[in-house]
Structure formats: C-alpha cells, structure tokens
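Quick look at my_file.tsv (TSV, C-alpha atoms and all ligand atoms):
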```
chain	number	residue	atom	x	y	z
A	1	MET	CA	113.10	56.18	110.03
A	2	SER	CA	110.27	57.72	112.00
A	3	THR	CA	106.73	56.34	111.81
A	4	PRO	CA	104.41	58.09	109.36
A	5	LEU	CA	102.30	60.80	110.96
A	6	LEU	CA	99.75	61.06	108.19
A	7	ASN	CA	98.09	58.33	106.18
A	8	SER	CA	97.43	60.10	102.91
A	9	ARG	CA	98.41	59.14	99.40
A	10	TRP	CA	100.57	62.26	98.97
A	11	PRO	CA	102.67	64.01	101.63
A	12	ILE	CA	100.73	67.22	101.05
A	13	VAL	CA	98.69	68.78	103.85
A	14	ALA	CA	95.99	71.41	103.48
A	15	ALA	CA	97.13	73.62	106.37
A	16	PRO	CA	94.44	74.63	108.86
A	17	MET	CA	93.22	78.17	108.16
A	18	ALA	CA	90.76	79.58	110.68
A	19	GLY	CA	88.53	82.57	109.99
A	20	GLY	CA	86.84	81.11	106.91
A	21	PRO	CA	89.27	79.60	104.36
A	22	SER	CA	89.29	75.98	105.68
A	23	THR	CA	85.87	74.59	104.78
A	24	VAL	CA	84.44	71.09	104.77
A	25	ALA	CA	84.24	71.39	100.96
A	26	LEU	CA	87.97	72.11	100.83
A	27	ALA	CA	88.68	69.12	103.09
A	28	ARG	CA	86.57	66.90	100.84
A	29	THR	CA	88.42	67.95	97.67
A	30	VAL	CA	91.84	67.70	99.29
A	31	ALA	CA	91.06	64.21	100.62
A	32	SER	CA	89.81	63.05	97.19
A	33	ALA	CA	92.97	64.40	95.57
A	34	GLY	CA	95.10	62.33	97.97
A	35	GLY	CA	96.16	65.16	100.26
A	36	PHE	CA	95.68	65.35	104.03
A	37	PRO	CA	92.86	67.69	105.11
A	38	PHE	CA	92.54	69.76	108.29
A	39	ILE	CA	89.60	71.31	110.05
A	40	ALA	CA	90.50	74.68	111.56
A	41	GLY	CA	89.04	74.56	115.07
A	42	GLY	CA	90.15	78.06	116.08
A	43	TYR	CA	87.46	80.73	116.72
A	44	LYS	CA	84.67	78.15	116.25
A	45	THR	CA	82.26	77.22	119.01
A	46	PRO	CA	82.58	73.61	120.22
A	47	ASN	CA	79.18	72.84	118.64
A	48	THR	CA	80.23	74.14	115.22
A	49	LEU	CA	83.47	72.19	115.47
A	50	ALA	CA	81.59	69.02	116.45
A	51	ALA	CA	79.28	69.43	113.45
A	52	GLU	CA	82.23	69.83	111.08
A	53	ILE	CA	83.89	66.73	112.50
A	54	ASN	CA	80.70	64.73	111.94
A	55	GLU	CA	80.50	66.00	108.37
A	56	ILE	CA	84.12	65.25	107.48
A	57	ARG	CA	83.75	61.69	108.83
A	58	THR	CA	81.14	61.04	106.13
A	59	PHE	CA	83.82	61.13	103.42
A	60	THR	CA	87.23	60.45	105.00
A	61	VAL	CA	88.67	58.63	107.99
A	62	GLU	CA	92.01	60.47	107.85
A	63	PHE	CA	91.99	64.14	108.84
A	64	GLY	CA	93.22	66.52	111.47
A	65	VAL	CA	91.71	69.14	113.76
A	66	ASN	CA	93.70	72.22	114.68
A	67	LEU	CA	93.27	74.06	118.00
A	68	PHE	CA	94.54	77.38	119.38
A	69	VAL	CA	96.34	76.92	122.69
A	70	PRO	CA	95.17	79.69	125.07
A	71	SER	CA	97.61	82.54	125.51
A	72	LYS	CA	99.25	82.98	128.88
A	73	ASP	CA	100.97	86.22	127.90
A	74	PRO	CA	100.36	89.35	129.93
A	75	VAL	CA	98.78	92.24	128.01
A	76	ASN	CA	101.04	95.26	127.68
A	77	GLU	CA	98.28	97.59	128.90
A	78	ALA	CA	100.02	100.88	128.09
A	79	ALA	CA	100.67	99.84	124.51
A	80	PHE	CA	97.15	98.46	124.22
A	81	VAL	CA	95.49	101.69	125.42
A	82	ALA	CA	97.71	103.84	123.19
A	83	TYR	CA	96.87	101.66	120.22
A	84	ALA	CA	93.14	101.67	120.93
A	85	GLY	CA	93.22	105.50	120.92
A	86	GLU	CA	95.08	105.46	117.63
A	87	LEU	CA	92.38	103.31	116.02
A	88	LYS	CA	89.52	105.69	116.82
A	89	THR	CA	89.66	107.52	113.49
A	90	GLU	CA	89.84	104.21	111.59
A	91	ALA	CA	86.72	102.98	113.41
A	92	GLU	CA	84.88	106.25	112.75
A	93	GLN	CA	85.08	105.52	109.03
A	94	TYR	CA	82.51	102.82	109.72
A	95	GLY	CA	80.61	104.59	112.50
A	96	LEU	CA	82.03	102.10	115.00
A	97	GLU	CA	82.96	102.67	118.60
A	98	LEU	CA	85.67	100.31	119.74
A	99	ASP	CA	85.49	98.51	123.07
A	100	LEU	CA	88.62	99.82	124.76
A	101	SER	CA	88.88	97.30	127.60
A	102	PRO	CA	91.25	94.43	126.82
A	103	VAL	CA	89.13	91.31	126.27
A	104	THR	CA	90.63	87.88	126.55
A	105	ASP	CA	89.33	84.36	125.89
A	106	ASP	CA	90.60	80.79	125.83
A	107	ASP	CA	88.86	79.80	122.58
A	108	TRP	CA	86.82	77.19	124.57
A	109	TRP	CA	89.96	75.14	125.26
A	110	ASP	CA	88.43	72.87	127.94
A	111	GLU	CA	85.26	72.26	125.93
A	112	LYS	CA	87.19	71.47	122.73
A	113	LEU	CA	89.53	69.17	124.62
A	114	ALA	CA	86.52	67.36	126.07
A	115	LEU	CA	84.96	67.10	122.60
A	116	LEU	CA	88.14	65.59	121.12
A	117	THR	CA	88.76	63.17	123.95
A	118	GLU	CA	85.16	61.92	123.85
A	119	ASN	CA	85.00	61.93	120.06
A	120	PRO	CA	88.65	61.32	119.03
A	121	VAL	CA	90.00	62.29	115.62
A	122	PRO	CA	93.11	60.83	113.90
A	123	VAL	CA	95.30	63.93	114.28
A	124	VAL	CA	95.17	67.00	116.52
A	125	SER	CA	97.54	69.87	115.77
A	126	LEU	CA	98.15	72.69	118.20
A	127	THR	CA	99.29	76.23	117.58
A	128	PHE	CA	100.26	79.29	119.68
A	129	GLY	CA	102.21	77.31	122.28
A	130	LEU	CA	101.88	74.17	124.34
A	131	PRO	CA	99.09	73.13	126.69
A	132	HIS	CA	99.69	71.20	129.90
A	133	PRO	CA	101.34	67.83	129.08
A	134	ASP	CA	98.31	66.11	130.67
A	135	ASP	CA	96.12	67.55	127.90
A	136	ILE	CA	98.45	66.12	125.25
A	137	ALA	CA	98.46	62.76	127.03
A	138	ALA	CA	94.65	62.78	127.22
A	139	LEU	CA	94.35	63.30	123.46
A	140	GLN	CA	96.86	60.50	122.83
A	141	LYS	CA	95.10	58.17	125.23
A	142	ALA	CA	91.90	58.77	123.28
A	143	GLY	CA	93.76	57.64	120.14
A	144	SER	CA	94.91	60.85	118.43
A	145	ARG	CA	98.37	61.66	117.14
A	146	VAL	CA	99.24	65.08	118.55
A	147	LEU	CA	101.33	67.63	116.66
A	148	ALA	CA	102.73	70.89	117.99
A	149	SER	CA	103.43	73.83	115.70
A	150	VAL	CA	106.91	75.21	116.37
A	151	THR	CA	108.99	78.03	114.93
A	152	THR	CA	112.45	77.42	116.45
A	153	PRO	CA	114.61	74.46	117.55
A	154	ASP	CA	114.06	75.53	121.18
A	155	GLU	CA	110.29	75.33	120.79
A	156	ALA	CA	110.75	71.91	119.14
A	157	ARG	CA	112.66	70.73	122.23
A	158	LEU	CA	109.92	71.97	124.55
A	159	ALA	CA	107.29	70.24	122.40
A	160	ARG	CA	109.17	66.96	122.57
A	161	GLU	CA	109.46	67.29	126.34
A	162	ALA	CA	105.69	67.85	126.50
A	163	GLY	CA	105.25	64.50	124.74
A	164	VAL	CA	103.93	65.30	121.24
A	165	ASP	CA	104.09	62.74	118.41
A	166	GLY	CA	105.30	65.15	115.75
A	167	LEU	CA	105.89	68.74	114.76
A	168	VAL	CA	104.60	71.26	112.28
A	169	VAL	CA	107.73	73.32	111.66
A	170	GLN	CA	106.46	76.70	110.54
A	171	GLY	CA	108.90	79.18	108.98
A	172	PRO	CA	108.28	82.95	109.06
A	173	ASP	CA	107.39	82.97	105.34
A	174	ALA	CA	104.03	81.38	106.29
A	175	GLY	CA	100.81	83.27	105.74
A	176	GLY	CA	98.63	84.13	108.71
A	177	HIS	CA	99.60	83.94	112.37
A	178	SER	CA	102.98	82.72	113.42
A	179	ALA	CA	102.79	79.77	115.77
A	180	THR	CA	105.58	81.26	117.91
A	181	PHE	CA	105.34	80.49	121.63
A	182	ASP	CA	106.44	84.09	122.32
A	183	PRO	CA	104.40	86.62	120.33
A	184	SER	CA	106.57	89.51	121.57
A	185	ARG	CA	109.63	88.00	119.88
A	186	ALA	CA	110.90	89.55	116.63
A	187	LEU	CA	110.83	86.63	114.17
A	188	ALA	CA	114.22	86.07	112.54
A	189	ALA	CA	114.15	85.56	108.77
A	190	VAL	CA	114.87	81.93	107.93
A	191	ASP	CA	113.95	79.75	104.99
A	192	THR	CA	111.60	76.92	106.01
A	193	ALA	CA	113.89	74.16	104.66
A	194	THR	CA	116.79	75.53	106.74
A	195	LEU	CA	114.54	75.65	109.80
A	196	VAL	CA	113.46	72.04	109.21
A	197	ARG	CA	117.13	70.98	109.13
A	198	GLN	CA	117.89	72.94	112.31
A	199	VAL	CA	114.93	71.35	114.10
A	200	LEU	CA	115.86	67.84	112.97
A	201	GLU	CA	119.39	68.36	114.29
A	202	THR	CA	117.83	69.15	117.67
A	203	VAL	CA	114.98	66.67	118.05
A	204	GLN	CA	114.11	63.38	116.41
A	205	LEU	CA	110.42	63.70	115.73
A	206	PRO	CA	108.52	63.47	112.44
A	207	VAL	CA	108.14	66.89	110.86
A	208	ILE	CA	105.62	68.58	108.59
A	209	ALA	CA	107.12	71.66	106.94
A	210	ALA	CA	105.00	74.81	106.53
A	211	GLY	CA	105.63	78.30	105.28
A	212	GLY	CA	106.23	79.93	101.93
A	213	ILE	CA	105.47	76.93	99.71
A	214	ASP	CA	105.09	78.41	96.22
A	215	GLY	CA	105.13	75.30	94.03
A	216	PRO	CA	106.46	71.76	93.48
A	217	ASP	CA	110.14	72.78	93.75
A	218	ALA	CA	109.55	74.09	97.25
A	219	VAL	CA	107.80	70.83	98.17
A	220	ARG	CA	110.87	68.93	96.93
A	221	ARG	CA	113.19	71.16	99.00
A	222	MET	CA	111.18	70.48	102.17
A	223	LEU	CA	111.22	66.71	101.62
A	224	ASP	CA	114.97	66.84	100.88
A	225	ALA	CA	115.44	68.73	104.16
A	226	GLY	CA	113.87	65.77	105.96
A	227	ALA	CA	110.20	66.72	106.29
A	228	GLN	CA	107.71	63.83	106.09
A	229	ALA	CA	105.06	66.06	104.59
A	230	VAL	CA	104.52	69.63	103.47
A	231	ALA	CA	101.66	71.92	104.49
A	232	VAL	CA	100.26	74.61	102.20
A	233	GLY	CA	97.94	77.39	103.16
A	234	THR	CA	98.27	80.43	100.92
A	235	LEU	CA	98.27	78.41	97.68
A	236	LEU	CA	94.74	77.21	98.56
A	237	LEU	CA	93.28	80.59	99.53
A	238	ARG	CA	91.86	81.50	96.10
A	239	THR	CA	90.53	78.05	95.22
A	240	ASP	CA	86.84	77.41	94.57
A	241	GLU	CA	86.44	75.34	97.73
A	242	ALA	CA	88.16	77.76	100.13
A	243	GLY	CA	85.88	79.97	102.22
A	244	THR	CA	88.21	82.97	101.93
A	245	SER	CA	86.22	86.23	101.72
A	246	LEU	CA	85.79	87.74	98.28
A	247	THR	CA	87.67	90.87	99.37
A	248	HIS	CA	90.62	88.73	100.45
A	249	LYS	CA	90.52	86.58	97.29
A	250	GLN	CA	90.51	89.65	95.08
A	251	ALA	CA	93.36	91.29	96.98
A	252	LEU	CA	95.51	88.18	96.47
A	253	ALA	CA	95.14	88.71	92.70
A	254	ASP	CA	95.51	92.49	92.77
A	255	PRO	CA	98.86	93.69	91.34
A	256	ALA	CA	98.62	96.79	93.56
A	257	PHE	CA	99.91	94.60	96.41
A	258	THR	CA	103.61	94.13	96.00
A	259	GLU	CA	104.80	92.45	99.19
A	260	THR	CA	103.87	90.60	102.36
A	261	VAL	CA	105.03	91.67	105.82
A	262	LEU	CA	104.93	90.35	109.37
A	263	THR	CA	102.74	92.54	111.55
A	264	ARG	CA	100.98	92.55	114.93
A	265	VAL	CA	98.58	95.41	114.12
A	266	PHE	CA	95.53	93.25	113.46
A	267	THR	CA	95.52	90.81	116.37
A	268	GLY	CA	98.53	91.46	118.63
A	269	ARG	CA	100.29	88.30	117.43
A	270	PRO	CA	102.78	88.34	114.55
A	271	ALA	CA	101.15	87.35	111.30
A	272	ARG	CA	102.12	87.62	107.64
A	273	ALA	CA	99.80	89.64	105.43
A	274	LEU	CA	99.73	91.61	102.21
A	275	ARG	CA	101.14	95.02	103.11
A	276	ASN	CA	98.30	97.58	103.14
A	277	GLY	CA	97.60	101.05	104.50
A	278	PHE	CA	96.41	99.83	107.91
A	279	ILE	CA	99.73	98.08	108.52
A	280	ASP	CA	101.72	101.13	107.45
A	281	ARG	CA	99.65	103.56	109.53
A	282	HIS	CA	99.81	101.56	112.74
A	283	HIS	CA	103.06	99.68	112.65
A	284	ARG	CA	104.48	99.39	116.16
A	285	THR	CA	106.81	96.93	117.75
A	286	ASP	CA	105.62	97.05	121.38
A	287	LEU	CA	102.17	95.66	120.65
A	288	SER	CA	101.92	92.10	121.86
A	289	ALA	CA	98.48	91.40	123.23
A	290	TYR	CA	96.73	88.46	121.65
A	291	PRO	CA	93.77	87.97	121.73
A	292	ALA	CA	93.00	91.45	123.15
A	293	VAL	CA	94.00	93.22	119.92
A	294	HIS	CA	92.10	90.61	117.91
A	295	HIS	CA	88.94	91.56	119.83
A	296	LEU	CA	89.73	95.29	119.63
A	297	THR	CA	89.98	95.32	115.83
A	298	ARG	CA	87.42	92.63	115.04
A	299	ALA	CA	84.39	94.82	114.28
A	300	LEU	CA	86.54	97.14	112.21
A	301	ARG	CA	87.96	94.25	110.18
A	302	GLN	CA	84.53	92.77	109.68
A	303	ALA	CA	83.19	96.10	108.39
A	304	ALA	CA	86.23	96.46	106.12
A	305	GLY	CA	85.67	92.98	104.71
A	306	GLU	CA	82.01	93.64	104.00
A	307	ALA	CA	82.82	96.99	102.35
A	308	GLY	CA	85.53	95.47	100.13
A	309	ASP	CA	88.05	97.73	101.90
A	310	THR	CA	91.42	96.05	101.31
A	311	ASP	CA	93.17	98.97	102.98
A	312	ARG	CA	91.86	97.97	106.43
A	313	LEU	CA	91.39	94.21	106.18
A	314	HIS	CA	93.88	91.61	107.46
A	315	LEU	CA	94.89	90.05	104.14
A	316	TRP	CA	96.77	87.01	105.43
A	317	ALA	CA	99.24	85.75	102.82
A	318	GLY	CA	102.52	83.87	102.76
A	319	THR	CA	105.46	84.80	100.58
A	320	GLY	CA	104.25	82.44	97.83
A	321	TRP	CA	101.00	84.39	97.35
A	322	ARG	CA	101.63	85.30	93.72
A	323	ASN	CA	101.30	81.62	92.81
A	324	ALA	CA	97.90	81.20	94.46
A	325	THR	CA	95.49	80.22	91.69
A	326	THR	CA	91.75	80.01	91.16
A	327	GLY	CA	90.06	76.76	90.16
A	328	SER	CA	89.73	73.55	92.14
A	329	ALA	CA	91.97	72.79	95.10
A	330	ALA	CA	92.42	69.35	93.51
A	331	ALA	CA	94.50	70.98	90.76
A	332	VAL	CA	96.69	72.69	93.38
A	333	ILE	CA	97.31	69.40	95.22
A	334	ARG	CA	98.09	67.62	91.93
A	335	HIS	CA	100.50	70.36	90.84
A	336	LEU	CA	102.34	70.19	94.17
A	337	THR	CA	103.05	66.49	93.69
A	338	ASP	CA	104.92	67.11	90.41
A	339	ARG	CA	108.39	66.63	91.90
A	340	ILE	CA	107.66	64.04	94.58
A	401	LIG	C1	94.29	82.67	106.22
A	401	LIG	C2	95.16	81.82	107.10
A	401	LIG	C3	94.65	81.32	108.30
A	401	LIG	C4	95.44	80.50	109.12
A	401	LIG	N1	94.90	79.96	110.26
A	401	LIG	C5	95.62	79.06	110.97
A	401	LIG	C6	95.03	78.34	112.04
A	401	LIG	O1	93.85	78.48	112.33
A	401	LIG	N2	95.81	77.47	112.73
A	401	LIG	C7	97.13	77.24	112.40
A	401	LIG	O2	97.78	76.42	113.05
A	401	LIG	N3	97.70	77.90	111.38
A	401	LIG	C8	96.98	78.78	110.66
A	401	LIG	N4	97.54	79.38	109.57
A	401	LIG	C9	98.91	78.99	109.19
A	401	LIG	C10	98.83	77.77	108.28
A	401	LIG	O3	98.35	76.65	108.99
A	401	LIG	C11	100.21	77.42	107.68
A	401	LIG	O4	101.19	77.34	108.67
A	401	LIG	C12	100.63	78.44	106.64
A	401	LIG	O5	99.56	78.80	105.82
A	401	LIG	C13	101.74	77.87	105.78
A	401	LIG	O6	102.36	78.86	105.02
A	401	LIG	P1	101.85	79.32	103.56
A	401	LIG	O7	100.63	80.15	103.81
A	401	LIG	O8	102.99	80.12	103.04
A	401	LIG	O9	101.54	78.08	102.78
A	401	LIG	C14	96.78	80.21	108.74
A	401	LIG	C15	97.28	80.72	107.54
A	401	LIG	C16	96.48	81.51	106.72
A	401	LIG	C17	97.05	82.00	105.41
```
Could you write out this file's structure as structure tokens?
Ligand SMILES: Cc1cc2nc3c(=O)[nH]c(=O)nc-3n(C[C@H](O)[C@H](O)[C@H](O)COP(=O)(O)O)c2cc1C
Amino acid sequence: MSTPLLNSRWPIVAAPMAGGPSTVALARTVASAGGFPFIAGGYKTPNTLAAEINEIRTFTVEFGVNLFVPSKDPVNEAAFVAYAGELKTEAEQYGLELDLSPVTDDDWWDEKLALLTENPVPVVSLTFGLPHPDDIAALQKAGSRVLASVTTPDEARLAREAGVDGLVVQGPDAGGHSATFDPSRALAAVDTATLVRQVLETVQLPVIAAGGIDGPDAVRRMLDAGAQAVAVGTLLLRTDEAGTSLTHKQALADPAFTETVLTRVFTGRPARALRNGFIDRHHRTDLSAYPAVHHLTRALRQAAGEAGDTDRLHLWAGTGWRNATTGSAAAVIRHLTDRI
C-alpha cells in the first residue's frame, strides 16, 4: 500500500483551474467540506501567487499549488503565421489588431520555484511536462510532496524517473488543457479508469485520477481502478465560489452546446472545450505552439468574454459538463462522496 499523498477527510480533490475558476473562496469551501483544495499558480505573477498562499494558510494547512512547466517545444512558424492571418477577420469584429510575432514565456518558473522553496507548501503539482529533476528535488527538500500530471504510461515512467512522489493521471475526457508532455500528439480516446489501471501496471506510485468525473459512480470507478483520490474540475465550474466568467458559466448551462471537443485553436495546446463556432472555423491539426497561440488569441478571447460572445470564447469543459451544477461547491463535494 502506498503512503497517502493527501491528508484530507475525503479523497476528493478540487482540481487546479487557472484563468479564474480556482479562487481562494473555492479552496476555503472545499477544505471545509473535507476535500483537498488547490491553488492554480499558472498565469499568475509570483506576487499574486504568494498572496494567495498566505491567504489559504489562514484557514487550512493542507493544500496544493499547481505550476505550469515551461514549454520546450519549437514553434511551427509556418503554421503559426498561417493561423495568425486566418484570425484577422475574427479580431476585426472587436477592432483588434493581433500581434503576429510568436511570443513565448516561462510563466515565471524560476521565481515561482524560488517562492515555493523559500515558503514551502504541502503539495506541488506540475503540468505540461517535467522540469529538471533538480527542481523536483529542491521542492521535496523544502518539504513538499511533488506530483506530476501525466497522460500516458510512458509519461508516468518518465515522471517516476524524475523522482516525483505521485501522479495526477489525467484522461482525455478532462476539461481544459491536456497535461500531455507532447502537445503535437493526437490524444487517443481512453477512459480515465482504464488509463489509471494502465499507469499502475507500469509504475508503482500513488495516483490521483482526473478527467470526465460526472458524479459519485465515476468517483467509485476511479477508486476501484486503484486511484488514491479523484480530482474534479468541470463539476465545480458553475459553483458560487468558482471564479469562472459569467459567459463561461452561462454557456455550461446552455442547451445549444451539445458536445465537447479537443482543440488547439485557442492556445496551441490540446484542450477540451464546448464545441463552438471558433473551433469549427479554425480547426487544424498542425497547430502546436503553446504559449505562442495563447498570446496570439488572448486579446480576442478577453474581448469575447467581456461581450458575452460564446462563439469565440474558450469554453473549457470536460465530458461531464452537463452535470455541473450551481450552488455551493460544498454540495458538489458532498455529492461526490456518496459512493465512497
Ligand atoms: C477551466 C479549467 C482550467 C484548468 N486549468 C488547469 C491548470 O491550471 N493546471 C492544471 O494542471 N490543470 C488544469 N485544468 C485541468 C484540471 O486540473 C483537471 O485535470 C480537469 O479539470 C479534470 O477533468 P474534469 O474537468 O472532467 O473534471 C483545468 C481544467 C479546467 C476545466
């Protein structure tokens, strides 16, 4: 039996959701309901992240911080330039001129690493690949348990070799960005419970299952597959405490949306979203340039969000989106424990 990764009453994790949904208020409610809360460190400045960590410490000792591992992938320049040209008419709708030079960034990796080694938190989870093993060791030396998000048994093996304490096994049904180490890869359809079993046949590390959780039966299936805990994102998106934009919250309840799809059109990295016009107009398979495409489309997505334009916004959602409810996140956590 592997050692427990998370010290929470229930094996239910509020998955980190950057870009607004994961708030300190959500963390507070999840912690009070006996779940395990996460701060989403991605996109935030180190100062904002530090402030959130200080705030969360006022009400819980057990929580995690999630970081984006900087991308090392080369930008497919030809595809990027062709795509940028294609987006001109979309941007004109909002009187915007897009910056056509590919912009990259490392999401303040060194600064966030320094923050977390000087001011250690119980759990650090990583997504979008693996950092240098020395960085993982530094976080562990400071006292954190370090988790890598993985999407295949091969990635799980690499994560173990890099020295992590546990894994977030994310299936392709998950809402938002895939954690895949290779964003140019076409993600094979696989149920999360099956993926958890495949990973556990390959590596012996504690596992948190994520992706497509649509209720207590799914939680039971993940635990039966061998996961220590289950992470939910989409089911929390409409809750009172989530910082999801109003446009996004309304779209999740709108019957006009009939399916979710995996797409790279918004950021250059595969992500699951409600299928809308922007995805259909720009679908292409050669586009793999994160974070350059994220920067390219950012102003357009921001304008779409403010205008309530669900046709152009990235409406991240996992396959369980129809079961995302309004009300307190505490009720969602309680409901998910029904079959534990
Ligand atoms: C809006 C949104 C934002 C997300 N942001 C992050 C993130 O910052 N870091 C991360 O590791 N995963 C992120 N994810 C993925 C979740 O952590 C988790 O793997 C996923 O939500 C689980 O699948 P589900 O949405 O079907 O429950 C995000 C997911 C959503 C829906």
_Taking all atoms listed in the file into account, name the residue in A:Leu200, A:Val81, A:Leu236, A:Ala299 that is nearest to Asp214 in chain A._
A:Leu236
Determine, counting all atoms listed in the file, which protein, DNA and RNA residues have an atom within 9 Å of an atom of Thr285 in chain A; residues of the same chain fewer than 3 positions away are not included. Present the result as a compact mmCIF listing (two decimals) with C-alpha atoms, in the frame of the given file.
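Writing done, so here's result_28.txt:
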```
# COMPACT_ATOMS: atom_id res chain seq x y z
CA SER A 184 106.57 89.51 121.57
CA ALA A 186 110.90 89.55 116.63
CA THR A 263 102.74 92.54 111.55
CA ARG A 264 100.98 92.55 114.93
CA SER A 288 101.92 92.10 121.86
```
Per-residue nearest contacts chain A to ligand LIG 401 (chain A), cut-off 7 Å, using all atoms listed in the file, as a Markdown table:
```
| residue | atom | partner | partner_atom | distance |
| --- | --- | --- | --- | --- |
| A:Ala15 | CA | A:LIG401 | O3 | 4.2 |
| A:Pro16 | CA | A:LIG401 | O3 | 4.4 |
| A:Met17 | CA | A:LIG401 | N1 | 3.2 |
| A:Ala18 | CA | A:LIG401 | O1 | 3.7 |
| A:Gly19 | CA | A:LIG401 | C3 | 6.5 |
| A:Pro21 | CA | A:LIG401 | C1 | 6.2 |
| A:Ala40 | CA | A:LIG401 | O1 | 5.1 |
| A:Gly41 | CA | A:LIG401 | O1 | 6.8 |
| A:Gly42 | CA | A:LIG401 | O1 | 5.3 |
| A:Asn66 | CA | A:LIG401 | N2 | 6.0 |
| A:Leu67 | CA | A:LIG401 | N2 | 6.8 |
| A:Phe68 | CA | A:LIG401 | N2 | 6.8 |
| A:Leu126 | CA | A:LIG401 | O2 | 6.4 |
| A:Thr127 | CA | A:LIG401 | O2 | 4.8 |
| A:Ser149 | CA | A:LIG401 | O2 | 6.8 |
| A:Gln170 | CA | A:LIG401 | O4 | 5.6 |
| A:Asp173 | CA | A:LIG401 | O8 | 5.7 |
| A:Ala174 | CA | A:LIG401 | O6 | 3.3 |
| A:Gly175 | CA | A:LIG401 | O7 | 3.7 |
| A:Gly176 | CA | A:LIG401 | C15 | 3.8 |
| A:His177 | CA | A:LIG401 | N4 | 5.7 |
| A:Ser178 | CA | A:LIG401 | C9 | 7.0 |
| A:Ala179 | CA | A:LIG401 | O2 | 6.6 |
| A:Ala210 | CA | A:LIG401 | C13 | 4.5 |
| A:Gly211 | CA | A:LIG401 | O6 | 3.3 |
| A:Gly212 | CA | A:LIG401 | O8 | 3.4 |
| A:Ile213 | CA | A:LIG401 | O9 | 5.1 |
| A:Ala231 | CA | A:LIG401 | C13 | 6.1 |
| A:Val232 | CA | A:LIG401 | O9 | 3.7 |
| A:Gly233 | CA | A:LIG401 | O5 | 3.4 |
| A:Thr234 | CA | A:LIG401 | O7 | 3.7 |
| A:Leu235 | CA | A:LIG401 | O9 | 6.1 |
| A:Trp316 | CA | A:LIG401 | C17 | 5.0 |
| A:Ala317 | CA | A:LIG401 | C17 | 5.1 |
| A:Gly318 | CA | A:LIG401 | O8 | 3.8 |
| A:Thr319 | CA | A:LIG401 | O8 | 5.8 |
| A:Gly320 | CA | A:LIG401 | O8 | 5.8 |
```
*Close residues, Val150 in chain A itself excluded, 10 Å, all atoms listed in the file, min 4 positions apart in chain, as a list in words*: Leu126, Thr127, Phe128, Gly129, Leu130, Asp154, Glu155, Ala156, Arg157, Leu158, Ala159, Leu167, Val168, Val169, Gln170, Gly171, Ser178, Ala179, Thr180, Phe181 and Val199 of chain A
*Could you work out how far CA of Asn276 in chain A lies from CA of Phe257 in chain A, giving the answer in Å with one decimal?*
7.5 Å
_Residues near Arg284 in chain A, anyone? I mean within 8 Å using all atoms listed in the file, not counting same-chain ones fewer than 2 positions away, as JSON, numbers by chain._
{"A": [264, 265, 282, 286, 287]}
*Can you list, as JSON, numbers by chain, every protein, DNA or RNA residue that comes within 6 Å of Val65 in chain A when you count only C-alpha atoms, leaving out same-chain residues fewer than 5 positions away?*
{"A": [38, 39, 124]}
Just want the 12 Å neighbourhood of Ala91 in chain A, counted on all atoms listed in the file, with same-chain residues fewer than 2 positions away dropped. Output as a compact mmCIF listing (two decimals) with C-alpha atoms, keeping the file's coordinate frame.
```
# COMPACT_ATOMS: atom_id res chain seq x y z
CA ALA A 84 93.14 101.67 120.93
CA GLY A 85 93.22 105.50 120.92
CA GLU A 86 95.08 105.46 117.63
CA LEU A 87 92.38 103.31 116.02
CA LYS A 88 89.52 105.69 116.82
CA THR A 89 89.66 107.52 113.49
CA GLN A 93 85.08 105.52 109.03
CA TYR A 94 82.51 102.82 109.72
CA GLY A 95 80.61 104.59 112.50
CA LEU A 96 82.03 102.10 115.00
CA GLU A 97 82.96 102.67 118.60
CA LEU A 98 85.67 100.31 119.74
CA ASP A 99 85.49 98.51 123.07
CA LEU A 100 88.62 99.82 124.76
CA PHE A 278 96.41 99.83 107.91
CA LEU A 296 89.73 95.29 119.63
CA THR A 297 89.98 95.32 115.83
CA ARG A 298 87.42 92.63 115.04
CA ALA A 299 84.39 94.82 114.28
CA LEU A 300 86.54 97.14 112.21
CA ARG A 301 87.96 94.25 110.18
CA GLN A 302 84.53 92.77 109.68
CA ALA A 303 83.19 96.10 108.39
CA ALA A 304 86.23 96.46 106.12
CA ARG A 312 91.86 97.97 106.43
```
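Take CA of Ala162 in chain A and CA of Arg145 in chain A: the distance between them is 13.4 Å.
The interatomic distance for the pair CA of Leu313 in chain A and CA of Ala242 in chain A works out to 17.8 Å.
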